[in-house]
file data33.pdb (PDB, C-alpha atoms)
ATOM      1  CA  MET S  21     -52.769  -6.154  46.881
ATOM      2  CA  ALA S  22     -53.679  -8.986  44.506
ATOM      3  CA  ALA S  23     -50.896 -11.221  43.259
ATOM      4  CA  ARG S  24     -49.514 -10.330  39.835
ATOM      5  CA  SER S  25     -50.825 -12.422  36.960
ATOM      6  CA  LEU S  26     -47.621 -12.896  34.972
ATOM      7  CA  PRO S  27     -46.386 -15.651  32.669
ATOM      8  CA  PRO S  28     -43.334 -17.647  33.806
ATOM      9  CA  LEU S  29     -40.447 -15.197  34.155
ATOM     10  CA  ASN S  30     -37.962 -17.556  32.470
ATOM     11  CA  ALA S  31     -40.214 -17.637  29.407
ATOM     12  CA  LEU S  32     -40.431 -13.843  29.364
ATOM     13  CA  ARG S  33     -36.671 -13.552  29.662
ATOM     14  CA  ALA S  34     -36.072 -16.050  26.850
ATOM     15  CA  PHE S  35     -38.557 -14.287  24.579
ATOM     16  CA  GLU S  36     -37.053 -10.862  25.308
ATOM     17  CA  ALA S  37     -33.576 -12.130  24.455
ATOM     18  CA  PHE S  38     -34.839 -13.605  21.175
ATOM     19  CA  GLY S  39     -36.692 -10.408  20.285
ATOM     20  CA  ARG S  40     -33.636  -8.258  21.003
ATOM     21  CA  ARG S  41     -31.017 -10.507  19.388
ATOM     22  CA  GLY S  42     -33.145 -11.703  16.453
ATOM     23  CA  ARG S  43     -31.925 -15.316  16.503
ATOM     24  CA  MET S  44     -32.560 -18.300  18.750
ATOM     25  CA  THR S  45     -28.879 -19.248  18.807
ATOM     26  CA  LEU S  46     -27.786 -15.791  19.944
ATOM     27  CA  ALA S  47     -30.469 -15.712  22.632
ATOM     28  CA  ALA S  48     -29.375 -19.174  23.787
ATOM     29  CA  ASP S  49     -25.726 -18.099  23.949
ATOM     30  CA  GLU S  50     -26.618 -15.020  25.976
ATOM     31  CA  LEU S  51     -28.651 -16.995  28.522
ATOM     32  CA  CYS S  52     -26.243 -19.978  28.560
ATOM     33  CA  VAL S  53     -28.935 -22.465  27.543
ATOM     34  CA  THR S  54     -29.596 -24.545  24.443
ATOM     35  CA  HIS S  55     -31.386 -23.415  21.292
ATOM     36  CA  GLY S  56     -34.120 -25.939  22.118
ATOM     37  CA  ALA S  57     -34.628 -24.442  25.571
ATOM     38  CA  ILE S  58     -35.258 -20.988  24.076
ATOM     39  CA  SER S  59     -37.712 -22.481  21.578
ATOM     40  CA  ARG S  60     -39.606 -24.346  24.319
ATOM     41  CA  GLN S  61     -39.799 -21.248  26.520
ATOM     42  CA  ILE S  62     -41.261 -19.194  23.670
ATOM     43  CA  ARG S  63     -43.824 -21.880  22.868
ATOM     44  CA  GLN S  64     -44.724 -22.008  26.574
ATOM     45  CA  LEU S  65     -45.219 -18.245  26.588
ATOM     46  CA  GLU S  66     -47.421 -18.389  23.475
ATOM     47  CA  ASP S  67     -49.520 -21.161  25.033
ATOM     48  CA  HIS S  68     -49.871 -19.194  28.270
ATOM     49  CA  LEU S  69     -50.965 -16.023  26.484
ATOM     50  CA  GLY S  70     -53.026 -17.748  23.793
ATOM     51  CA  VAL S  71     -51.520 -15.642  20.990
ATOM     52  CA  ALA S  72     -48.864 -16.116  18.324
ATOM     53  CA  LEU S  73     -45.701 -14.155  19.084
ATOM     54  CA  THR S  74     -43.604 -15.534  16.207
ATOM     55  CA  GLU S  75     -44.226 -16.564  12.615
ATOM     56  CA  GLY S  76     -42.372 -17.993   9.646
ATOM     57  CA  PRO S  77     -40.307 -21.169   9.092
ATOM     58  CA  ARG S  78     -38.758 -22.702  12.211
ATOM     59  CA  ASN S  79     -35.221 -21.829  11.182
ATOM     60  CA  ARG S  80     -36.096 -18.182  10.379
ATOM     61  CA  LEU S  81     -38.736 -17.127  12.878
ATOM     62  CA  ILE S  82     -39.664 -13.455  13.099
ATOM     63  CA  LEU S  83     -41.865 -11.567  15.541
ATOM     64  CA  THR S  84     -45.533 -10.973  14.855
ATOM     65  CA  GLU S  85     -46.868  -7.462  15.465
ATOM     66  CA  THR S  86     -48.080  -8.606  18.892
ATOM     67  CA  GLY S  87     -44.721 -10.218  19.588
ATOM     68  CA  LEU S  88     -42.813  -7.081  18.607
ATOM     69  CA  THR S  89     -44.924  -4.947  20.955
ATOM     70  CA  LEU S  90     -44.360  -7.372  23.838
ATOM     71  CA  ALA S  91     -40.627  -7.743  23.134
ATOM     72  CA  GLN S  92     -40.095  -3.981  23.111
ATOM     73  CA  ALA S  93     -42.014  -3.574  26.364
ATOM     74  CA  LEU S  94     -40.038  -6.381  28.007
ATOM     75  CA  THR S  95     -36.715  -4.860  26.930
ATOM     76  CA  GLN S  96     -37.703  -1.494  28.416
ATOM     77  CA  ALA S  97     -38.857  -3.151  31.648
ATOM     78  CA  LEU S  98     -35.713  -5.253  32.022
ATOM     79  CA  ASP S  99     -33.553  -2.211  31.235
ATOM     80  CA  GLN S 100     -35.257  -0.359  34.080
ATOM     81  CA  ILE S 101     -34.720  -3.284  36.449
ATOM     82  CA  GLU S 102     -31.064  -3.562  35.418
ATOM     83  CA  ALA S 103     -30.543   0.180  35.864
ATOM     84  CA  ALA S 104     -31.965  -0.018  39.389
ATOM     85  CA  LEU S 105     -29.667  -2.838  40.483
ATOM     86  CA  PRO S 106     -26.709  -1.858  42.674
ATOM     87  CA  GLN S 107     -23.536  -1.921  40.590
ATOM     88  CA  PRO S 108     -19.914  -2.365  41.694
ATOM     89  CA  ALA S 109     -17.703   0.662  41.208
ATOM     90  CA  GLY S 110     -16.699   1.020  37.561
ATOM     91  CA  ALA S 111     -19.372  -1.369  36.267
ATOM     92  CA  GLY S 112     -21.777   1.273  35.002
ATOM     93  CA  ASP S 113     -22.561   2.479  31.524
ATOM     94  CA  GLY S 114     -19.859   5.185  31.365
ATOM     95  CA  ALA S 115     -16.813   4.348  29.285
ATOM     96  CA  LEU S 116     -16.719   1.670  26.608
ATOM     97  CA  VAL S 117     -13.466   0.698  24.896
ATOM     98  CA  VAL S 118     -13.927  -1.047  21.538
ATOM     99  CA  SER S 119     -10.908  -2.690  19.894
ATOM    100  CA  CYS S 120     -11.505  -2.749  16.156
ATOM    101  CA  LEU S 121      -9.815  -3.540  12.864
ATOM    102  CA  PRO S 122      -8.626  -0.131  11.580
ATOM    103  CA  THR S 123     -10.210  -0.211   8.115
ATOM    104  CA  PHE S 124     -13.452  -1.681   9.446
ATOM    105  CA  ALA S 125     -13.612   1.150  11.994
ATOM    106  CA  MET S 126     -12.982   3.782   9.340
ATOM    107  CA  LYS S 127     -15.199   2.426   6.563
ATOM    108  CA  TRP S 128     -18.084   0.668   8.369
ATOM    109  CA  LEU S 129     -18.238   1.328  12.093
ATOM    110  CA  ILE S 130     -17.626   5.066  12.519
ATOM    111  CA  PRO S 131     -20.045   6.155   9.751
ATOM    112  CA  ARG S 132     -22.785   4.253  11.623
ATOM    113  CA  LEU S 133     -21.690   5.307  15.121
ATOM    114  CA  PRO S 134     -23.967   8.405  15.343
ATOM    115  CA  GLY S 135     -26.936   6.029  15.507
ATOM    116  CA  PHE S 136     -25.520   4.337  18.604
ATOM    117  CA  VAL S 137     -24.632   7.671  20.233
ATOM    118  CA  ALA S 138     -28.175   8.960  19.653
ATOM    119  CA  ALA S 139     -29.717   5.814  21.155
ATOM    120  CA  HIS S 140     -27.260   5.616  24.096
ATOM    121  CA  PRO S 141     -25.963   9.121  24.913
ATOM    122  CA  GLU S 142     -24.910   7.923  28.363
ATOM    123  CA  ILE S 143     -22.271   5.580  26.886
ATOM    124  CA  GLN S 144     -18.933   7.117  25.920
ATOM    125  CA  ALA S 145     -17.586   4.753  23.265
ATOM    126  CA  ARG S 146     -13.885   4.966  22.441
ATOM    127  CA  ILE S 147     -12.668   3.134  19.342
ATOM    128  CA  VAL S 148      -9.075   1.867  19.456
ATOM    129  CA  GLU S 149      -7.487   0.258  16.410
ATOM    130  CA  SER S 150      -5.900  -3.175  16.545
ATOM    131  CA  ASN S 151      -5.385  -6.057  14.127
ATOM    132  CA  GLY S 152      -3.749  -8.521  16.470
ATOM    133  CA  PRO S 153      -4.287 -10.400  19.718
ATOM    134  CA  PHE S 154      -5.608  -8.560  22.756
ATOM    135  CA  ASP S 155      -6.282  -9.141  26.422
ATOM    136  CA  PHE S 156      -9.561  -7.820  27.824
ATOM    137  CA  ARG S 157      -8.126  -7.043  31.257
ATOM    138  CA  ALA S 158      -4.554  -6.020  30.426
ATOM    139  CA  ASP S 159      -5.574  -3.865  27.436
ATOM    140  CA  GLY S 160      -8.674  -2.406  29.085
ATOM    141  CA  VAL S 161     -10.912  -3.650  26.250
ATOM    142  CA  ASP S 162     -14.667  -4.089  26.809
ATOM    143  CA  LEU S 163     -15.526  -5.386  23.314
ATOM    144  CA  ALA S 164     -13.429  -6.380  20.307
ATOM    145  CA  ILE S 165     -14.388  -6.635  16.635
ATOM    146  CA  ARG S 166     -12.499  -9.300  14.721
ATOM    147  CA  MET S 167     -12.785 -11.579  11.672
ATOM    148  CA  ARG S 168     -13.184 -15.232  12.642
ATOM    149  CA  LEU S 169     -13.736 -18.454  10.725
ATOM    150  CA  PRO S 170     -17.009 -20.244  11.609
ATOM    151  CA  ASP S 171     -15.086 -23.426  12.485
ATOM    152  CA  ALA S 172     -12.541 -21.629  14.687
ATOM    153  CA  PRO S 173     -12.157 -23.277  18.108
ATOM    154  CA  PRO S 174     -14.225 -21.680  20.882
ATOM    155  CA  SER S 175     -12.469 -18.867  22.692
ATOM    156  CA  PRO S 176     -11.788 -19.789  26.339
ATOM    157  CA  ASP S 177     -12.133 -16.201  27.563
ATOM    158  CA  ALA S 178     -14.621 -14.613  25.134
ATOM    159  CA  ASP S 179     -18.250 -14.852  24.094
ATOM    160  CA  VAL S 180     -18.287 -14.577  20.286
ATOM    161  CA  THR S 181     -21.257 -13.026  18.466
ATOM    162  CA  PRO S 182     -21.178 -12.992  14.627
ATOM    163  CA  PHE S 183     -22.950  -9.864  13.416
ATOM    164  CA  LEU S 184     -22.025  -9.217   9.774
ATOM    165  CA  LYS S 185     -21.856 -11.454   6.712
ATOM    166  CA  HIS S 186     -18.622 -11.255   4.779
ATOM    167  CA  TYR S 187     -18.310 -10.846   0.997
ATOM    168  CA  VAL S 188     -15.122 -10.279  -0.974
ATOM    169  CA  GLY S 189     -14.044  -9.491  -4.539
ATOM    170  CA  PRO S 190     -11.645  -7.507  -6.750
ATOM    171  CA  VAL S 191     -12.214  -3.730  -6.869
ATOM    172  CA  ALA S 192     -10.650  -1.063  -9.060
ATOM    173  CA  ALA S 193     -11.055   2.519 -10.212
ATOM    174  CA  PRO S 194     -13.626   2.865 -13.032
ATOM    175  CA  ALA S 195     -10.992   3.314 -15.772
ATOM    176  CA  LEU S 196      -9.184   0.110 -14.789
ATOM    177  CA  ALA S 197     -12.381  -1.812 -14.092
ATOM    178  CA  ALA S 198     -13.510  -1.108 -17.660
ATOM    179  CA  GLN S 199     -10.523  -3.123 -18.885
ATOM    180  CA  ILE S 200     -11.519  -6.254 -16.929
ATOM    181  CA  ASP S 201     -13.746  -8.751 -18.716
ATOM    182  CA  GLY S 202     -12.261 -11.969 -17.312
ATOM    183  CA  LEU S 203      -9.310 -13.530 -15.551
ATOM    184  CA  ASP S 204      -6.716 -12.907 -18.272
ATOM    185  CA  SER S 205      -7.487  -9.186 -18.430
ATOM    186  CA  LEU S 206      -7.445  -9.004 -14.640
ATOM    187  CA  ALA S 207      -4.002 -10.659 -14.535
ATOM    188  CA  ARG S 208      -2.555  -8.068 -16.913
ATOM    189  CA  LEU S 209      -3.239  -5.266 -14.403
ATOM    190  CA  PRO S 210      -1.161  -4.423 -11.304
ATOM    191  CA  ARG S 211      -2.373  -6.410  -8.276
ATOM    192  CA  LEU S 212      -2.544  -4.675  -4.900
ATOM    193  CA  HIS S 213      -1.913  -6.391  -1.554
ATOM    194  CA  THR S 214      -2.119  -5.454   2.111
ATOM    195  CA  ARG S 215       0.601  -6.697   4.456
ATOM    196  CA  THR S 216      -2.003  -7.319   7.156
ATOM    197  CA  PHE S 217      -3.476 -10.136   5.026
ATOM    198  CA  LEU S 218      -1.186 -11.215   2.195
ATOM    199  CA  GLU S 219      -3.208 -14.421   1.695
ATOM    200  CA  SER S 220      -6.335 -12.574   0.531
ATOM    201  CA  TRP S 221      -5.944 -13.227  -3.214
ATOM    202  CA  ALA S 222      -5.135 -16.906  -2.698
ATOM    203  CA  GLU S 223      -8.147 -17.390  -0.418
ATOM    204  CA  TRP S 224     -10.401 -15.641  -2.941
ATOM    205  CA  GLU S 225      -9.219 -18.009  -5.676
ATOM    206  CA  VAL S 226     -10.046 -21.025  -3.514
ATOM    207  CA  ALA S 227     -13.468 -19.652  -2.537
ATOM    208  CA  ALA S 228     -14.276 -18.742  -6.159
ATOM    209  CA  GLY S 229     -13.066 -22.073  -7.519
ATOM    210  CA  LEU S 230     -10.586 -20.614  -9.991
ATOM    211  CA  THR S 231      -6.893 -20.181 -10.643
ATOM    212  CA  LEU S 232      -5.734 -16.674 -11.408
ATOM    213  CA  PRO S 233      -2.711 -16.204 -13.716
ATOM    214  CA  PRO S 234       0.273 -14.559 -11.999
ATOM    215  CA  ALA S 235       0.200 -10.775 -11.867
ATOM    216  CA  THR S 236       2.618  -8.817 -14.013
ATOM    217  CA  VAL S 237       3.033  -6.226 -11.227
ATOM    218  CA  ASN S 238       2.442  -6.581  -7.472
ATOM    219  CA  ARG S 239       2.235  -3.627  -5.072
ATOM    220  CA  GLU S 240       2.059  -3.911  -1.274
ATOM    221  CA  PHE S 241       0.633  -1.510   1.318
ATOM    222  CA  ASP S 242       0.719  -1.550   5.098
ATOM    223  CA  HIS S 243      -3.051  -1.285   5.633
ATOM    224  CA  TYR S 244      -6.295  -2.057   3.862
ATOM    225  CA  PHE S 245      -7.259   1.618   3.722
ATOM    226  CA  TYR S 246      -3.951   2.519   2.027
ATOM    227  CA  MET S 247      -4.566  -0.251  -0.498
ATOM    228  CA  LEU S 248      -8.123   0.918  -1.196
ATOM    229  CA  GLU S 249      -6.948   4.487  -1.712
ATOM    230  CA  ALA S 250      -4.319   3.172  -4.095
ATOM    231  CA  ALA S 251      -7.021   1.288  -5.997
ATOM    232  CA  ALA S 252      -9.180   4.413  -6.205
ATOM    233  CA  ALA S 253      -6.141   6.301  -7.522
ATOM    234  CA  GLY S 254      -5.797   3.782 -10.350
ATOM    235  CA  LEU S 255      -2.629   2.047  -9.110
ATOM    236  CA  GLY S 256      -4.058  -1.447  -9.552
ATOM    237  CA  VAL S 257      -6.764  -3.918  -8.544
ATOM    238  CA  ALA S 258      -7.370  -4.622  -4.850
ATOM    239  CA  LEU S 259      -9.054  -7.612  -3.249
ATOM    240  CA  SER S 260     -11.441  -6.138  -0.686
ATOM    241  CA  PRO S 261     -14.200  -7.163   1.714
ATOM    242  CA  TRP S 262     -17.579  -5.597   0.892
ATOM    243  CA  ALA S 263     -17.745  -3.933   4.314
ATOM    244  CA  PHE S 264     -14.477  -2.095   3.620
ATOM    245  CA  ALA S 265     -15.408  -0.893   0.132
ATOM    246  CA  GLU S 266     -19.202  -0.489   0.407
ATOM    247  CA  THR S 267     -19.190   3.329   0.445
ATOM    248  CA  ASP S 268     -16.731   3.628  -2.443
ATOM    249  CA  LEU S 269     -18.580   1.007  -4.496
ATOM    250  CA  THR S 270     -21.949   2.627  -3.875
ATOM    251  CA  SER S 271     -20.631   6.035  -4.921
ATOM    252  CA  GLY S 272     -18.915   4.632  -8.018
ATOM    253  CA  ARG S 273     -15.453   5.616  -6.812
ATOM    254  CA  LEU S 274     -14.581   1.924  -7.040
ATOM    255  CA  ILE S 275     -16.063  -0.835  -9.223
ATOM    256  CA  ALA S 276     -16.277  -4.588  -8.534
ATOM    257  CA  PRO S 277     -16.045  -5.814 -12.160
ATOM    258  CA  LEU S 278     -16.332  -9.528 -11.308
ATOM    259  CA  GLY S 279     -18.830  -9.137  -8.476
ATOM    260  CA  MET S 280     -18.363 -10.443  -4.942
ATOM    261  CA  ILE S 281     -18.654 -13.864  -3.367
ATOM    262  CA  PRO S 282     -19.184 -14.964   0.243
ATOM    263  CA  GLY S 283     -15.939 -14.912   2.195
ATOM    264  CA  GLN S 284     -14.893 -17.638   4.591
ATOM    265  CA  ALA S 285     -14.723 -15.493   7.725
ATOM    266  CA  GLN S 286     -17.400 -13.716   9.771
ATOM    267  CA  VAL S 287     -17.229 -10.316  11.415
ATOM    268  CA  CYS S 288     -17.736 -10.950  15.139
ATOM    269  CA  ALA S 289     -18.072  -9.067  18.408
ATOM    270  CA  LEU S 290     -16.080 -10.541  21.296
ATOM    271  CA  THR S 291     -16.879  -9.751  24.928
ATOM    272  CA  PRO S 292     -15.377 -11.148  28.158
ATOM    273  CA  LYS S 293     -16.880 -14.573  28.749
ATOM    274  CA  GLY S 294     -19.903 -14.163  31.011
ATOM    275  CA  LYS S 295     -18.663 -10.758  32.204
ATOM    276  CA  ALA S 296     -19.656  -8.242  29.538
ATOM    277  CA  THR S 297     -20.471  -4.828  30.944
ATOM    278  CA  ARG S 298     -23.898  -3.340  30.374
ATOM    279  CA  ALA S 299     -22.388  -0.873  27.883
ATOM    280  CA  ALA S 300     -20.669  -3.693  25.981
ATOM    281  CA  ARG S 301     -23.942  -5.641  25.775
ATOM    282  CA  ARG S 302     -25.720  -2.577  24.421
ATOM    283  CA  PHE S 303     -23.003  -2.058  21.818
ATOM    284  CA  ARG S 304     -22.991  -5.737  20.844
ATOM    285  CA  ASP S 305     -26.770  -5.745  20.355
ATOM    286  CA  TRP S 306     -26.511  -2.572  18.280
ATOM    287  CA  LEU S 307     -23.849  -4.221  16.085
ATOM    288  CA  VAL S 308     -26.166  -7.195  15.492
ATOM    289  CA  ALA S 309     -29.001  -4.871  14.446
ATOM    290  CA  GLU S 310     -26.699  -2.878  12.149
ATOM    291  CA  GLY S 311     -25.381  -6.079  10.619
ATOM    292  CA  VAL S 312     -28.925  -7.216   9.788
ATOM    293  CA  ALA S 313     -29.628  -3.804   8.221
ATOM    294  CA  THR S 314     -26.471  -3.829   6.078
ATOM    295  CA  PRO S 315     -27.396  -4.889   2.517
ATOM    296  CA  PRO S 316     -25.385  -7.488   0.606
ATOM    297  CA  PRO S 317     -23.471  -6.424  -2.525
ATOM    298  CA  PRO S 318     -25.982  -5.376  -5.206
ATOM    299  CA  ASP S 319     -24.821  -8.075  -7.658
ATOM    300  CA  PHE S 320     -24.722 -10.861  -5.072
ATOM    301  CA  GLN S 321     -27.196 -13.700  -5.663
ATOM    302  CA  PRO S 322     -28.213 -15.512  -2.445
ATOM    303  CA  GLY S 323     -27.232 -19.169  -2.543
ATOM    304  CA  SER S 324     -24.584 -18.602  -5.219
ATOM    305  CA  GLN S 325     -20.886 -19.029  -4.558
ATOM    306  CA  GLN S 326     -19.974 -18.540  -8.214
ATOM    307  CA  LEU S 327     -20.157 -14.925  -9.346
ATOM    308  CA  VAL S 328     -16.885 -14.859 -11.291
ATOM    309  CA  GLU S 329     -15.659 -16.500 -14.446
ATOM    310  CA  ARG S 330     -14.090 -19.955 -14.285
ATOM    311  CA  PRO S 331     -10.971 -20.365 -16.398
TER     312      PRO S 331
END
call {"tool": "encode", "arguments": {"input": "data33.pdb", "output": "structure tokens"}}
result
Amino acid sequence: MAARSLPPLNALRAFEAFGRRGRMTLAADELCVTHGAISRQIRQLEDHLGVALTEGPRNRLILTETGLTLAQALTQALDQIEAALPQPAGAGDGALVVSCLPTFAMKWLIPRLPGFVAAHPEIQARIVESNGPFDFRADGVDLAIRMRLPDAPPSPDADVTPFLKHYVGPVAAPALAAQIDGLDSLARLPRLHTRTFLESWAEWEVAAGLTLPPATVNREFDHYFYMLEAAAAGLGVALSPWAFAETDLTSGRLIAPLGMIPGQAQVCALTPKGKATRAARRFRDWLVAEGVATPPPPDFQPGSQQLVERP
């Protein structure tokens, strides 16, 4: 049998990771190499094949039609190879435990979960709610979804993959929102807070570059989803992430009268450092794809941090 005529396998692996993850940095993190190494491997593959596999500016490369076809074929081939490898007991695709922020699970993750189940029926994903610290081994967690600041110190025991941009702004029921035309009118209305993140209003003020007059009435709730229900019931104005309020804002149940601005944190997937199960990797990659497909707030202007009135 003649020898196979294949490009360098490292180049194929680097290109497949880029095609699947959508970003050089994420592919580099997955393969434990530098961004530059991924870029060089892809250029080497293009030179070997004599075709363009990517296009666009260097910092926002996308796949060409030829590149997309090759990337999809490589993913299928590597999946087959991975499935054929002997696995230690308990390391298969079966159960997947995902630790998630409760409101994010309810408002963003679970409504999208049927898509993952349809694509991966062999994976039994179980969503467990948690706001606080966790231990992968002690808590039996395969993947965790948390909010993290971009400049947070690296986690010693987790690989961190940002997958969703974060926007935040005041939201209220339509009748209350109609009364808000600036900061003074906002301050006259009851202000809602969640005990899981009492600093939310103060951080929004800093990010928006404004100072909000003190509220006449403050109301606290144990969870974000309680607070959002209170806002929808007309009990006051809540400060909410876009991901938590997207469905209610789209339906008109809630209104964002001052728009939304980029938040400081990122929504990230955390997996055990260098030891993510196959099921966790599949779920993480699905989260990245869903994050890319999630639209920004309709009144958000890319490149603008200032969508609200300055005093």
call {"tool": "resolve_selection", "arguments": {"input": "data33.pdb", "expression": "the PyMOL selection byres ((chain S and resi 159) around 12)", "output": "short mmCIF file (atom, residue, chain, number, x, y, z; two decimals) with C-alpha atoms, in the coordinates of the input"}}
result
data_model
loop_
_atom_site.label_atom_id
_atom_site.label_comp_id
_atom_site.auth_asym_id
_atom_site.auth_seq_id
_atom_site.Cartn_x
_atom_site.Cartn_y
_atom_site.Cartn_z
CA VAL S 117 -13.47 0.70 24.90
CA VAL S 118 -13.93 -1.05 21.54
CA SER S 119 -10.91 -2.69 19.89
CA VAL S 148 -9.07 1.87 19.46
CA GLU S 149 -7.49 0.26 16.41
CA SER S 150 -5.90 -3.18 16.55
CA PRO S 153 -4.29 -10.40 19.72
CA PHE S 154 -5.61 -8.56 22.76
CA ASP S 155 -6.28 -9.14 26.42
CA PHE S 156 -9.56 -7.82 27.82
CA ARG S 157 -8.13 -7.04 31.26
CA ALA S 158 -4.55 -6.02 30.43
CA GLY S 160 -8.67 -2.41 29.08
CA VAL S 161 -10.91 -3.65 26.25
CA ASP S 162 -14.67 -4.09 26.81
CA LEU S 163 -15.53 -5.39 23.31
CA ALA S 164 -13.43 -6.38 20.31
#
call {"tool": "residues_around", "arguments": {"input": "data33.pdb", "residues": "Ala145 in chain S", "least_positions_apart": "5", "cutoff": "9 Å", "atoms": "all atoms listed in the file", "output": "ChimeraX atom specification"}}
result
/S:114-118,137,299,303
call {"tool": "closest_residue", "arguments": {"input": "data33.pdb", "among": "S:Leu290, S:Ala93, S:Gln61, S:Thr216", "to": "Arg166 in chain S", "atoms": "all atoms listed in the file"}}
result
S:Leu290
call {"tool": "residues_around", "arguments": {"input": "data33.pdb", "residues": "Leu26 in chain S", "least_positions_apart": "5", "cutoff": "10 Å", "atoms": "all atoms listed in the file", "output": "PyMOL selection string"}}
result
chain S and resi 32+68-69
call {"tool": "axis_aligned_box", "arguments": {"input": "data33.pdb", "around": "range 254-267 of chain S", "padding_each_side": "3 Å", "output": "lines of an AutoDock Vina configuration file"}}
result
center_x = -10.9
center_y = -1.9
center_z = -3.0
size_x = 22.6
size_y = 17.4
size_z = 20.7
call {"tool": "atom_distance", "arguments": {"input": "data33.pdb", "atom1": "CA of Gln286 in chain S", "atom2": "CA of Gly87 in chain S"}}
result
29.2 Å
call {"tool": "atom_distance", "arguments": {"input": "data33.pdb", "atom1": "CA of Thr45 in chain S", "atom2": "CA of Arg80 in chain S"}}
result
11.1 Å
call {"tool": "atom_distance", "arguments": {"input": "data33.pdb", "atom1": "CA of Thr86 in chain S", "atom2": "CA of Asn30 in chain S"}}
result
19.2 Å
call {"tool": "resolve_selection", "arguments": {"input": "data33.pdb", "expression": "the PyMOL selection byres ((chain S and resi 121-136) around 8)", "output": "PyMOL selection string"}}
result
chain S and resi 119-120+137-141+147+149-151+165-166+243-245+263-267+303+306
